[in-house]
2 protein chains.
Amino acid sequence: MKLLEGAVDHGGSLGRARALFPNAVLPFVDLSTGINPHSYPLFDLPATSLWRLPEAARGRELIEIAANIYGAPSPASVVAAPGTQILLPRVASLVRPGKAMVLGPTYAEHARAAAIAGHDVVEASDFATLAEADLAIIVNPNNPDGRIIERDRLLVLAAGLRAKGGLLVVDEAFMDVGPREHSLAGDVGQGGIVVLRSFGKFFGLAGLRLGFALADAPTAERLDMQFGPWAVAGPALEYGVRALADLDWQDAMRASLAEATGRLDALFSRFGVPVAGGTTLFRYLSLPDAAGLFSGLGQSGILLRHFSERPHALRAGLPGSEEEWRRLESALADWASRREDRSKGFKQ
Amino acid sequence: MKLLEGAVDHGGSLGRARALFPNAVLPFVDLSTGINPHSYPLFDLPATSLWRLPEAARGRELIEIAANIYGAPSPASVVAAPGTQILLPRVASLVRPGKAMVLGPTYAEHARAAAIAGHDVVEASDFATLAEADLAIIVNPNNPDGRIIERDRLLVLAAGLRAKGGLLVVDEAFMDVGPREHSLAGDVGQGGIVVLRSFGKFFGLAGLRLGFALADAPTAERLDMQFGPWAVAGPALEYGVRALADLDWQDAMRASLAEATGRLDALFSRFGVPVAGGTTLFRYLSLPDAAGLFSGLGQSGILLRHFSERPHALRAGLPGSEEEWRRLESALADWASRREDRSKGFKQ
């Protein structure tokens with residue numbers, strides 16, 4: 001199937017950006033991901049976190065904090081892994097090869113992972129049809145458009161799947177910025193549900209590779225066995241333990257991201273770019289000339305995420321500094337004035 | 001099967017050590033692993049290696065350097081993963097569930113991983129019987145006794161397995177300290193062979209989690225797909241690229257480890273502890289009173305590795321500083337004098 005061919009573009013690759021916009025103003029302002037540009041404050045790692053095998057007791061500490069923060073039934077429901085990505089084929093392998101349905105359009109790696117696990121993969125555009133699946137996959141809130149499926153509806157779907165030995169996977173990679181009342185983290189004890197949580201996006205530390213799967217305890221144990229001891233690296237353990245326990249930082253960051261999102265929406269709106277959705281970690285833009293905006297900003301060294309399968313849509317992450325805000329504003333102004341010139345029939 | 005029950009003790013856990021020897025002199029001198037105590041020099045990581053998703057181009061650079069250093073046929077034969085451990089069940093899953101044979105006694109995780117992959121697992125004590133396996137697993141040089149199987153014999157075994165669709169897995173976790181002429185890294189292009197290489201042991205950076213599988217290109221691609229993009233964390237990428245390319249450090253370290261091993265053997269010999277094998281990263285001790293030596297040193301805060309299934313054997317890693325050498329020497333002297341007292345019939 002096509003999704004297995006070649007590498008999928010996820011944004012975040014500066015190498016690709018340089019190839020695409022060889023004459024761009026450098027450095028790139030990378031707004032192509034949904035990773036928080038305001039990371040959890042960096043600190044000096046203890047040398048032992050690099051030297052020694054990750055200590056089992058520290059791993060248990062991480063699992064306990066994660067269970068608490070995400071609202072999982074217990075630490076026995078939580079599996080820590082080196083990133084959510086590496087969990088996907090293992091989670092898809094929890095059910096026998098059958099019919100996997102991904103509520104789309106969404107993050108492409110879910111379909112790829114389900115295919116690797118041997119499933120026939122279908123992208124469903126209608127939530128109701130997911131009941132026909134053996135493995136149903138929903139990103140909630142959705143990437144890139146921010147669409148939210150309410151918890152009640154998810155629980156009904158999960159009950160139906162569970163009754164026939166199926167599985168509902170809810171990827172809550174962006175749920176740290178809410179709406180957390182629709183998280184299924186507290187419901188995984190019922191069985192037939194796996195919730196995925198990502199550490200790197202909200203905490204702005206994607207390079208560390210840390211992600212979690214929440215499931216009923218026997219399923220969590222099956223998953224954990226696939227990774228064995230020491231799956232999470234020392235640096236990820238240290239940051240995970242400290243950052244996940246820091247509720248003050250998390251609350252302040254949620255407020256600050258909401259504010260930045262308001263500012264970003266106002267900026268796009270000023271230049272006639274409609275914001276059609278998103279979360280407070282990224283905005284979803286929908287406009288006929290998405291391709292023109294993508295390449296116009298790209299030449300100014302501002303990198304958005306475009307989608308080959310949705311030519312009228314773009315995703316924009318948050319600028320990380322006043323300098324980046326200024327460059328985005330000026331690039332938007334250039335693009336808008338070129339657009340105006342074109343509409344007056346002038347040649348560039 | 002028993003190997004799946006509970007956690008396997010691998011050494012390296014200070015939590016476990018504290019529970020075992022609550023009155024030990026602290027801090028522990030941890031000689032329970034084969035991890036080099038003289039790590040590659042630490043350096044400041046670029047903040048972007050924590051903030052951003054690991055860049056694909058940097059990953060390719062790592063793969064190229066690894067292919068070169070290990071002597072793999074090409075970068076297409078190399079898969080980088082967050083530690084060798086996480087590779088084991090995936091490698092064992094490359095062949096249909098059948099008969100897995102592990103040349104033992106050896107590192108217990110291989111049998112565990114093969115069982116997870118659905119194989120019937122047998123520990124073979126005789127190299128010749130491995131020809132009967134669908135999946136044959138050999139640690140070379142072996143952990144903990146340092147036993148070496150010559151490359152010629154491995155190639156004959158591999159040819160037989162390949163002819164019937166089987167697979168030979170050679171775990172070369174300690175091959176950095178040789179004998180490298182018996183590595184199968186250059187032979188993986190023939191197919192039917194997977195070689196595992198570990199970054200953390202020789203470079204003394206086990207906390208970073210970095211390991212490699214070498215195989216023919218189609219097999220490497222199958223493995224790589226299971227991990228997806230960004231499997232190796234930013235910090236591991238940065239250290240991997242720098243340390244693997246640093247041939248001067250590697251050559252000097254090999255010489256220095258050989259020297260330290262000579263010193264350790266002489267020290268054990270002085271106190272009547274026979275060294276029966278090992279590599280220059282760990283020594284294998286074989287003596288009737290292994291249990292007494294383990295607990296005697298443990299009470300002095302010196303942690304060796306013992307093996308529940310081999311009560312007469314111990315493994316000792318290298319002390320990392322003159323202070324650690326001094327403490328080992330003094331602990332050995334205490335143990336030897338208590339032994340002498342006992343043999344004279346005195347009561348402690």
# chains A, B, ... in the order shown; residues from 1 in each chain; ligands from 1
call {"tool": "residues_around", "arguments": {"residues": "stretch 122-128 of chain B", "least_positions_apart": "4", "cutoff": "9 Å", "atoms": "only C-alpha atoms", "output": "JSON, numbers by chain"}}
result
{"B": [99, 100, 101, 102, 103, 104, 105, 111, 132, 149, 157]}
call {"tool": "write_last_selection", "arguments": {"atoms": "N, CA, C and O atoms", "output": "CSV table (one decimal), in the first residue's frame"}}
result
chain,number,residue,atom,x,y,z
B,99,LYS,N,12.0,-23.4,16.3
B,99,LYS,CA,12.9,-23.8,17.4
B,99,LYS,C,14.0,-22.8,17.5
B,99,LYS,O,14.8,-22.7,16.6
B,100,ALA,N,14.1,-22.1,18.6
B,100,ALA,CA,15.2,-21.2,18.9
B,100,ALA,C,16.2,-21.9,19.8
B,100,ALA,O,15.8,-22.5,20.8
B,101,MET,N,17.5,-21.8,19.5
B,101,MET,CA,18.5,-22.4,20.3
B,101,MET,C,19.5,-21.3,20.7
B,101,MET,O,20.0,-20.6,19.8
B,102,VAL,N,19.8,-21.2,22.0
B,102,VAL,CA,20.7,-20.2,22.4
B,102,VAL,C,21.9,-20.9,23.0
B,102,VAL,O,21.8,-21.8,23.8
B,103,LEU,N,23.1,-20.6,22.5
B,103,LEU,CA,24.3,-21.2,23.0
B,103,LEU,C,24.6,-20.7,24.4
B,103,LEU,O,24.9,-19.5,24.6
B,104,GLY,N,24.4,-21.6,25.4
B,104,GLY,CA,24.5,-21.1,26.7
B,104,GLY,C,25.7,-21.8,27.5
B,104,GLY,O,26.4,-22.6,26.9
B,105,PRO,N,25.8,-21.4,28.7
B,105,PRO,CA,25.1,-20.3,29.4
B,105,PRO,C,25.5,-19.0,28.9
B,105,PRO,O,26.7,-18.7,28.6
B,111,ALA,N,17.0,-15.6,25.4
B,111,ALA,CA,16.0,-16.7,25.5
B,111,ALA,C,14.6,-16.0,25.8
B,111,ALA,O,13.6,-16.4,25.2
B,132,GLU,N,20.5,-27.5,14.3
B,132,GLU,CA,19.1,-28.0,14.3
B,132,GLU,C,18.0,-26.9,14.4
B,132,GLU,O,16.8,-27.1,14.3
B,149,ILE,N,33.7,-18.1,19.5
B,149,ILE,CA,33.5,-19.1,18.4
B,149,ILE,C,34.1,-18.4,17.2
B,149,ILE,O,33.8,-17.3,16.9
B,157,LEU,N,27.8,-22.6,10.1
B,157,LEU,CA,26.5,-22.7,10.7
B,157,LEU,C,25.5,-21.8,10.0
B,157,LEU,O,24.4,-22.2,9.7
call {"tool": "residues_around", "arguments": {"residues": "B:Arg197", "least_positions_apart": "4", "cutoff": "6 Å", "atoms": "only C-alpha atoms", "output": "VMD selection string"}}
result
chain B and resid 172 to 173 211 to 212
call {"tool": "write_last_selection", "arguments": {"atoms": "N, CA, C and O atoms", "output": "PDB file, in the first residue's frame"}}
result
ATOM      1  N   GLU B 172      27.356  -9.359  19.261  1.00  0.00           N
ATOM      2  CA  GLU B 172      28.758  -8.955  19.425  1.00  0.00           C
ATOM      3  C   GLU B 172      28.851  -7.743  20.351  1.00  0.00           C
ATOM      4  O   GLU B 172      29.602  -6.794  20.105  1.00  0.00           O
ATOM      5  N   ALA B 173      28.093  -7.785  21.438  1.00  0.00           N
ATOM      6  CA  ALA B 173      28.031  -6.654  22.364  1.00  0.00           C
ATOM      7  C   ALA B 173      29.406  -6.257  22.887  1.00  0.00           C
ATOM      8  O   ALA B 173      29.644  -5.094  23.206  1.00  0.00           O
ATOM      9  N   GLY B 211      22.103   1.044  20.080  1.00  0.00           N
ATOM     10  CA  GLY B 211      22.581  -0.255  19.624  1.00  0.00           C
ATOM     11  C   GLY B 211      22.296  -0.402  18.147  1.00  0.00           C
ATOM     12  O   GLY B 211      21.523   0.375  17.565  1.00  0.00           O
ATOM     13  N   PHE B 212      22.947  -1.380  17.534  1.00  0.00           N
ATOM     14  CA  PHE B 212      22.825  -1.553  16.090  1.00  0.00           C
ATOM     15  C   PHE B 212      22.552  -3.011  15.746  1.00  0.00           C
ATOM     16  O   PHE B 212      23.055  -3.916  16.413  1.00  0.00           O
TER      17      PHE B 212
END
call {"tool": "closest_atom_pairs", "arguments": {"of": "chain B", "to": "chain A", "cutoff": "8 Å", "atoms": "only C-alpha atoms", "output": "CSV"}}
result
residue,atom,partner,partner_atom,distance
B:Gly12,CA,A:Leu53,CA,6.7
B:Ser13,CA,A:Glu55,CA,6.1
B:Leu14,CA,A:Glu55,CA,7.6
B:Gly15,CA,A:Ala57,CA,6.8
B:Ile35,CA,A:Arg52,CA,7.9
B:Pro37,CA,A:Trp51,CA,7.9
B:Ser39,CA,A:Trp51,CA,6.9
B:Leu42,CA,A:Ala47,CA,8.0
B:Ala47,CA,A:Leu42,CA,8.0
B:Thr48,CA,A:Gly207,CA,7.6
B:Ser49,CA,A:Gly207,CA,5.4
B:Leu50,CA,A:Gly207,CA,4.2
B:Trp51,CA,A:Leu205,CA,4.3
B:Arg52,CA,A:Gly207,CA,5.1
B:Leu53,CA,A:Gly207,CA,4.7
B:Pro54,CA,A:Gly207,CA,5.5
B:Glu55,CA,A:Ser13,CA,6.1
B:Ala56,CA,A:Ser13,CA,7.2
B:Ala57,CA,A:Gly15,CA,6.8
B:Pro82,CA,A:Ala231,CA,7.2
B:Gly83,CA,A:Ala231,CA,7.5
B:Gln85,CA,A:Gly228,CA,6.7
B:Ile86,CA,A:Phe227,CA,5.1
B:Pro89,CA,A:Gln226,CA,6.5
B:Ala113,CA,A:Gln226,CA,7.9
B:Ile116,CA,A:Gln226,CA,7.4
B:Gly204,CA,A:Trp51,CA,5.7
B:Leu205,CA,A:Trp51,CA,4.3
B:Ala206,CA,A:Leu53,CA,5.0
B:Gly207,CA,A:Leu50,CA,4.2
B:Leu208,CA,A:Ala233,CA,5.3
B:Arg209,CA,A:Ala233,CA,5.5
B:Met225,CA,A:Ile116,CA,7.7
B:Gln226,CA,A:Pro89,CA,6.5
B:Phe227,CA,A:Ile86,CA,5.1
B:Gly228,CA,A:Ile86,CA,6.4
B:Pro229,CA,A:Gln85,CA,7.5
B:Trp230,CA,A:Arg209,CA,7.7
B:Ala231,CA,A:Ile86,CA,6.7
B:Val232,CA,A:Arg209,CA,7.7
B:Ala233,CA,A:Leu208,CA,5.3
B:Gly234,CA,A:Gly207,CA,4.8
B:Pro235,CA,A:Leu208,CA,7.2
call {"tool": "residues_around", "arguments": {"residues": "B:Leu297", "least_positions_apart": "4", "cutoff": "7 Å", "atoms": "only C-alpha atoms", "output": "list of chain:residue names"}}
result
B:Leu293, B:Gly301, B:Ile302, B:Leu303, B:Ala331, B:Leu332
call {"tool": "residues_around", "arguments": {"residues": "B:Ala313", "least_positions_apart": "5", "cutoff": "8 Å", "atoms": "only C-alpha atoms", "output": "list in words"}}
result
Tyr284, Leu285, Ser286, Leu287, Ala290, His306 and Phe307 of chain B
call {"tool": "write_last_selection", "arguments": {"atoms": "N, CA, C and O atoms", "output": "compact mmCIF listing (two decimals), in the first residue's frame"}}
result
# COMPACT_ATOMS: atom_id res chain seq x y z
N TYR B 284 35.80 -13.27 34.31
CA TYR B 284 34.94 -14.37 34.74
C TYR B 284 35.70 -15.16 35.80
O TYR B 284 36.79 -15.67 35.54
N LEU B 285 35.14 -15.21 37.00
CA LEU B 285 35.81 -15.86 38.11
C LEU B 285 35.11 -17.19 38.40
O LEU B 285 33.88 -17.26 38.43
N SER B 286 35.89 -18.21 38.61
CA SER B 286 35.31 -19.52 38.88
C SER B 286 35.98 -20.07 40.13
O SER B 286 37.18 -20.34 40.13
N LEU B 287 35.20 -20.23 41.20
CA LEU B 287 35.78 -20.75 42.45
C LEU B 287 34.68 -21.37 43.30
O LEU B 287 33.52 -20.94 43.23
N ALA B 290 32.35 -19.06 45.50
CA ALA B 290 31.92 -17.83 44.82
C ALA B 290 30.90 -17.07 45.67
O ALA B 290 30.95 -15.84 45.77
N HIS B 306 26.66 -12.09 40.41
CA HIS B 306 26.58 -13.54 40.62
C HIS B 306 25.48 -14.10 39.73
O HIS B 306 24.69 -13.35 39.15
N PHE B 307 25.45 -15.43 39.59
CA PHE B 307 24.53 -16.09 38.67
C PHE B 307 23.82 -17.19 39.43
O PHE B 307 24.46 -18.15 39.86
call {"tool": "select_by_dssp", "arguments": {"residues": "stretch 50-238 of chain A", "states": "alpha helix (DSSP H)", "output": "count of residues only"}}
result
59
call {"tool": "atom_distance", "arguments": {"atom1": "atom CA of A:Ala158", "atom2": "atom CA of A:Glu64"}}
result
25.4 Å
call {"tool": "select_by_dssp", "arguments": {"residues": "stretch 15-180 of chain B", "states": "strand (DSSP E)", "output": "PyMOL selection string"}}
result
chain B and resi 29-30+78-81+99-103+120-124+135-139+167-171
call {"tool": "closest_residue", "arguments": {"among": "B:Arg242, B:His110, B:Arg339, B:Arg326", "to": "B:Gly272", "atoms": "only C-alpha atoms"}}
result
B:Arg339
call {"tool": "residues_around", "arguments": {"residues": "A:Gly146", "least_positions_apart": "4", "cutoff": "8 Å", "atoms": "only C-alpha atoms", "output": "ChimeraX atom specification"}}
result
/A:140-142,277-279,284
